[in-house]
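Visitor: Next up is a structure, given as structure tokens.
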There are 2 protein chains.
Amino acid sequence: MLGHGATLALGALRGLRGGAPPARSLGLSRRAGRVTLRLLSFEKVFDKDHSLPKPCWSKDMRLLFDQFMKKCEDGSWILLPSYEYISTQRSQDFSPFIRAYFPTASELINKEKLSQAQLFTRSFEDGLGFEYGMFYNEAEKRIVCVFQEGPHLQGMPGFFHGGATATMIDSTVGMNAIVSGGIVMTANLNINFKRPIPLCSVLINSQLDKMEGRKLFVSCNVQSVDEKILYTEATSLFIMLDAKKKFDIKELLLNSPPA
Amino acid sequence: MLGHGATLALGALRGLRGGAPPARSLGLSRRAGRVTLRLLSFEKVFDKDHSLPKPCWSKDMRLLFDQFMKKCEDGSWILLPSYEYISTQRSQDFSPFIRAYFPTASELINKEKLSQAQLFTRSFEDGLGFEYGMFYNEAEKRIVCVFQEGPHLQGMPGFFHGGATATMIDSTVGMNAIVSGGIVMTANLNINFKRPIPLCSVLINSQLDKMEGRKLFVSCNVQSVDEKILYTEATSLFIMLDAKKKFDIKELLLNSPPA
């Protein structure tokens, strides 16, 4: 599949792009199931981890979050951090892959825009857009995303925009592929919309179904917080770009020494 | 398929939700292929049609827009207007369908959030998010979306977030389904990512492929402005909710008398 690079997209890295920075610019510590990132060499100061509770979170969102934080206590689940900006260093980490799979891309990128760039899912004011936290269970190959939909994500009046649903699905399955396969590209995303999603909080459950060579198959569903209403189901296919040059986020997050 | 309402989502209306308001709250006029909306009974004043050129548009975006405006001169194409807010009246138009297909939805909708609600694709400051204009060709059953990606839509550094790609695909194929079938729900969206999309301007081509009873099949692709690079391909399935109770947007837009 790697030779078929032109048929792939690097979209799967988006979740991580706003998440944990790479090894050489990080110090990691762990307390009560919570992975804490100490930033060492970034150009910007990242003092805000968006995966942590905010005043704008609803009661439902906070209850869901607390429920999974409880599961983190025995180490079976961990909360993945999430930041807004991307370091110059991390941009450089992607360059070899971009050049390899899309040689003309750099000519098309608008340099002026890059200085203003923000991760899509973290580019809204608190409470207006995507509010979420992702929890990872290594043994079960699962990522659960607790997610509150802000009012600027509206499609049909009172309901969530289908594209915003696709965005959070994409982010969740993408993160699952990254922690399982390192640097990956999204090849396919297939979404079945079952019911319209009201502007409230939901739970996104993703599962790594199988790995075949460089292919990773990840499925997910979007449910109400009580898991009684199934809103959406999706399958996805990711391609590992270089099995040898993984970011190895899993190891970074899971095996870091306690502070 | 209508009996299978629980398996559908109302997502397809999103494009229109930010676009043309319904017949009874509109006056329509037409000049040189441009449909102009005169707003009569809205609670908010919508003085900004986001489909019209702005200073933040790039040279590429402006060239693409002008190219399609030229095609509007003989009446074969029209530019579809696009607004930011949704009127109370329009919200009420959706209520019967929401109650029919999702009886418990109203209990889940956060009323406080509704007062702040904005259409997802129009909720960014000028130039930072989605900048686009959609052109409709009735004879060919096509909608072309000229689209500039703002820096707050970033996924991988320098590239467009996969979820943002999905959002604009969803909006474009959704609008095609609406002008062809009236009130519709998205049932499926299947996206094949071919190459990562740099933060620049692109062209989205959508085509109504066939209608079978209440089903509408719409496909699309995302290409570079010179149409030499194919970034993404997608197929979609929409379900007409009530063939008799169409908004009949097509007639409104196309057959309105000249001012």
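Following the order of the structure tokens, first chain is A, next is B, and so on, with residues numbered from 1 inside each chain and ligands from 1 in the order they appear.
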Quick one: DSSP helix (DSSP H, G or I) residues in stretch 47-234 of chain A, as a PyMOL selection string?
Guide: chain A and resi 59-72+88-101+105-108+111-114+120-122+151-153+162-181
Visitor: Need to verify the contact set: stretch 51-58 of chain B, 9 Å, only C-alpha atoms, exclusion of same-chain residues closer than 3 positions in sequence. Can you return it as an MDAnalysis selection string?
Guide: chainID B and resid 48 61:63 65 79:83 126:128 131:134 148 200:201
Visitor: Which one of A:Asp60, A:Asp209, A:Asp66, A:Glu73 sits closest to chain B if you count only C-alpha atoms?
Guide: A:Asp60
Visitor: Give me the residues near B:Val202 as a list of chain:residue names, where near means some atom within 10 Å (using only C-alpha atoms) and where sequence neighbours in that chain fewer than 6 positions away do not count.
Guide: B:Asp60, B:Met61, B:Leu64, B:Tyr132, B:Cys145, B:Val146, B:Phe147, B:Gln148, B:Glu149, B:Val222, B:Gln223, B:Ser224, B:Val225, B:Asp226, B:Glu227, B:Ile229, B:Leu230, B:Tyr231
Visitor: Now that the selection is made, can you save its residues with all heavy atoms as a compact mmCIF listing (two decimals), in the first residue's frame?
Guide:
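The result, stored in out.txt:
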# COMPACT_ATOMS: atom_id res chain seq x y z
N ASP B 60 -6.53 33.11 -5.99
CA ASP B 60 -7.07 31.87 -6.57
C ASP B 60 -8.57 31.75 -6.37
O ASP B 60 -9.31 31.39 -7.27
CB ASP B 60 -6.40 30.64 -5.93
CG ASP B 60 -5.08 30.30 -6.60
OD1 ASP B 60 -4.80 30.87 -7.67
OD2 ASP B 60 -4.34 29.48 -6.04
N MET B 61 -9.00 32.05 -5.14
CA MET B 61 -10.42 31.95 -4.80
C MET B 61 -11.22 32.93 -5.64
O MET B 61 -12.28 32.60 -6.18
CB MET B 61 -10.59 32.25 -3.30
CG MET B 61 -12.00 32.32 -2.80
SD MET B 61 -12.80 30.70 -2.71
CE MET B 61 -14.36 31.18 -1.91
N LEU B 64 -11.46 31.76 -9.30
CA LEU B 64 -12.44 30.68 -9.43
C LEU B 64 -13.87 31.22 -9.39
O LEU B 64 -14.72 30.85 -10.20
CB LEU B 64 -12.29 29.69 -8.27
CG LEU B 64 -11.36 28.51 -8.44
CD1 LEU B 64 -11.35 27.69 -7.15
CD2 LEU B 64 -11.80 27.63 -9.61
N TYR B 132 -16.48 30.10 1.17
CA TYR B 132 -16.93 29.35 0.00
C TYR B 132 -18.14 29.99 -0.66
O TYR B 132 -18.88 30.77 -0.05
CB TYR B 132 -17.27 27.91 0.37
CG TYR B 132 -18.39 27.76 1.39
CD1 TYR B 132 -19.71 27.53 0.99
CD2 TYR B 132 -18.13 27.84 2.75
CE1 TYR B 132 -20.74 27.39 1.92
CE2 TYR B 132 -19.15 27.71 3.68
CZ TYR B 132 -20.44 27.48 3.27
OH TYR B 132 -21.45 27.36 4.19
N CYS B 145 -18.56 23.93 -5.65
CA CYS B 145 -18.24 24.78 -4.51
C CYS B 145 -16.81 25.29 -4.67
O CYS B 145 -15.87 24.50 -4.77
CB CYS B 145 -18.37 23.97 -3.21
SG CYS B 145 -17.93 24.87 -1.72
N VAL B 146 -16.64 26.61 -4.76
CA VAL B 146 -15.29 27.19 -4.76
C VAL B 146 -14.97 27.51 -3.31
O VAL B 146 -15.75 28.15 -2.61
CB VAL B 146 -15.19 28.43 -5.69
CG1 VAL B 146 -15.52 28.05 -7.11
CG2 VAL B 146 -16.06 29.57 -5.23
N PHE B 147 -13.83 27.04 -2.85
CA PHE B 147 -13.61 26.95 -1.41
C PHE B 147 -12.18 27.32 -1.03
O PHE B 147 -11.22 26.80 -1.59
CB PHE B 147 -13.93 25.51 -0.98
CG PHE B 147 -13.57 25.18 0.43
CD1 PHE B 147 -13.78 26.08 1.45
CD2 PHE B 147 -13.04 23.94 0.74
CE1 PHE B 147 -13.45 25.77 2.76
CE2 PHE B 147 -12.71 23.61 2.04
CZ PHE B 147 -12.92 24.54 3.05
N GLN B 148 -12.07 28.25 -0.10
CA GLN B 148 -10.76 28.66 0.45
C GLN B 148 -10.67 28.20 1.90
O GLN B 148 -11.55 28.50 2.70
CB GLN B 148 -10.63 30.18 0.37
CG GLN B 148 -9.38 30.73 1.04
CD GLN B 148 -9.33 32.26 0.94
OE1 GLN B 148 -9.50 32.83 -0.13
NE2 GLN B 148 -9.12 32.92 2.05
N GLU B 149 -9.60 27.50 2.22
CA GLU B 149 -9.43 26.94 3.57
C GLU B 149 -8.69 27.91 4.48
O GLU B 149 -7.55 28.27 4.21
CB GLU B 149 -8.63 25.64 3.47
CG GLU B 149 -9.27 24.61 2.56
CD GLU B 149 -8.24 23.78 1.84
OE1 GLU B 149 -7.04 23.93 2.11
OE2 GLU B 149 -8.64 22.97 1.00
N VAL B 222 -12.85 16.49 -4.75
CA VAL B 222 -12.17 17.73 -4.37
C VAL B 222 -10.89 17.79 -5.18
O VAL B 222 -10.08 16.86 -5.15
CB VAL B 222 -11.84 17.75 -2.85
CG1 VAL B 222 -11.24 19.09 -2.45
CG2 VAL B 222 -13.09 17.46 -2.01
N GLN B 223 -10.73 18.89 -5.93
CA GLN B 223 -9.57 19.04 -6.81
C GLN B 223 -8.86 20.37 -6.58
O GLN B 223 -9.44 21.29 -6.00
CB GLN B 223 -10.04 19.01 -8.28
CG GLN B 223 -10.65 17.71 -8.73
CD GLN B 223 -11.06 17.77 -10.20
OE1 GLN B 223 -10.22 17.94 -11.07
NE2 GLN B 223 -12.34 17.66 -10.45
N SER B 224 -7.63 20.44 -7.09
CA SER B 224 -6.91 21.71 -7.06
C SER B 224 -7.61 22.68 -8.01
O SER B 224 -8.39 22.27 -8.87
CB SER B 224 -5.45 21.49 -7.50
OG SER B 224 -5.42 20.89 -8.80
N VAL B 225 -7.32 23.97 -7.87
CA VAL B 225 -8.01 24.98 -8.67
C VAL B 225 -7.78 24.79 -10.17
O VAL B 225 -8.63 25.14 -10.98
CB VAL B 225 -7.61 26.43 -8.25
CG1 VAL B 225 -8.12 26.73 -6.85
CG2 VAL B 225 -6.11 26.63 -8.31
N ASP B 226 -6.63 24.22 -10.55
CA ASP B 226 -6.38 23.96 -11.98
C ASP B 226 -6.90 22.59 -12.41
O ASP B 226 -6.70 22.17 -13.54
CB ASP B 226 -4.89 24.11 -12.31
CG ASP B 226 -4.02 23.12 -11.53
OD1 ASP B 226 -4.59 22.26 -10.80
OD2 ASP B 226 -2.79 23.22 -11.62
N GLU B 227 -7.56 21.90 -11.49
CA GLU B 227 -8.17 20.58 -11.73
C GLU B 227 -7.14 19.52 -12.13
O GLU B 227 -7.49 18.49 -12.71
CB GLU B 227 -9.30 20.67 -12.76
CG GLU B 227 -10.42 21.61 -12.29
CD GLU B 227 -11.64 21.66 -13.20
OE1 GLU B 227 -12.19 20.59 -13.48
OE2 GLU B 227 -12.02 22.76 -13.63
N ILE B 229 -4.90 18.16 -9.77
CA ILE B 229 -4.65 17.27 -8.63
C ILE B 229 -5.98 16.84 -8.02
O ILE B 229 -6.80 17.69 -7.66
CB ILE B 229 -3.80 17.98 -7.53
CG1 ILE B 229 -2.47 18.46 -8.11
CG2 ILE B 229 -3.55 17.03 -6.35
CD1 ILE B 229 -1.68 19.37 -7.16
N LEU B 230 -6.18 15.52 -7.94
CA LEU B 230 -7.39 15.00 -7.30
C LEU B 230 -7.05 14.69 -5.84
O LEU B 230 -6.23 13.84 -5.55
CB LEU B 230 -7.86 13.72 -8.02
CG LEU B 230 -9.03 12.97 -7.38
CD1 LEU B 230 -10.28 13.84 -7.36
CD2 LEU B 230 -9.29 11.66 -8.10
N TYR B 231 -7.71 15.40 -4.92
CA TYR B 231 -7.42 15.21 -3.49
C TYR B 231 -8.30 14.15 -2.84
O TYR B 231 -7.83 13.34 -2.05
CB TYR B 231 -7.60 16.53 -2.73
CG TYR B 231 -6.60 17.61 -3.07
CD1 TYR B 231 -7.01 18.81 -3.64
CD2 TYR B 231 -5.25 17.44 -2.80
CE1 TYR B 231 -6.09 19.81 -3.94
CE2 TYR B 231 -4.33 18.43 -3.11
CZ TYR B 231 -4.75 19.61 -3.67
OH TYR B 231 -3.84 20.59 -3.97
Visitor: For a test of reading the model, state the distance in Å between atom CA of A:Pro198 and atom CA of B:Ile204, rounded to one decimal.
Guide: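 Atom CA of A:Pro198 sits 28.1 Å away from atom CA of B:Ile204.
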Visitor: Point out the residue among B:Ala139, B:Ile239, B:Ile197, B:Met175 with the least atom-to-atom distance to chain A, counting only C-alpha atoms.
Guide: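 Of all the options, B:Ile197 lies closest to chain A.
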Visitor: Write out as a PyMOL selection string each polymer residue whose atoms come within 8 Å of B:Phe120, counting only C-alpha atoms; drop sequence neighbours fewer than 3 positions from it.
Guide: (chain A and resi 152-155+161+164) or (chain B and resi 123)
Visitor: Dump N, CA, C and O atoms for the selected residues as an mmCIF file, in the first residue's frame?
Guide:
data_model
loop_
_atom_site.group_PDB
_atom_site.id
_atom_site.type_symbol
_atom_site.label_atom_id
_atom_site.label_comp_id
_atom_site.auth_asym_id
_atom_site.auth_seq_id
_atom_site.Cartn_x
_atom_site.Cartn_y
_atom_site.Cartn_z
ATOM 1 N N HIS A 152 -21.789 26.722 18.072
ATOM 2 C CA HIS A 152 -21.279 27.119 16.754
ATOM 3 C C HIS A 152 -21.053 25.906 15.845
ATOM 4 O O HIS A 152 -20.471 26.033 14.772
ATOM 5 N N LEU A 153 -21.515 24.758 16.279
ATOM 6 C CA LEU A 153 -21.384 23.542 15.459
ATOM 7 C C LEU A 153 -22.736 23.135 14.879
ATOM 8 O O LEU A 153 -22.923 22.019 14.431
ATOM 9 N N GLN A 154 -23.658 24.074 14.849
ATOM 10 C CA GLN A 154 -25.015 23.739 14.440
ATOM 11 C C GLN A 154 -25.144 23.484 12.942
ATOM 12 O O GLN A 154 -24.501 24.125 12.124
ATOM 13 N N GLY A 155 -26.013 22.518 12.608
ATOM 14 C CA GLY A 155 -26.435 22.301 11.229
ATOM 15 C C GLY A 155 -27.903 22.677 11.180
ATOM 16 O O GLY A 155 -28.255 23.839 11.203
ATOM 17 N N HIS A 161 -24.141 19.728 13.220
ATOM 18 C CA HIS A 161 -23.842 19.649 11.776
ATOM 19 C C HIS A 161 -23.208 18.297 11.447
ATOM 20 O O HIS A 161 -22.327 17.832 12.184
ATOM 21 N N ALA A 164 -19.525 18.322 11.444
ATOM 22 C CA ALA A 164 -18.902 18.372 12.770
ATOM 23 C C ALA A 164 -18.882 16.974 13.394
ATOM 24 O O ALA A 164 -17.925 16.594 14.077
ATOM 25 N N SER B 123 -19.390 30.002 11.153
ATOM 26 C CA SER B 123 -19.189 30.480 12.525
ATOM 27 C C SER B 123 -17.777 30.999 12.798
ATOM 28 O O SER B 123 -17.448 31.330 13.934
#
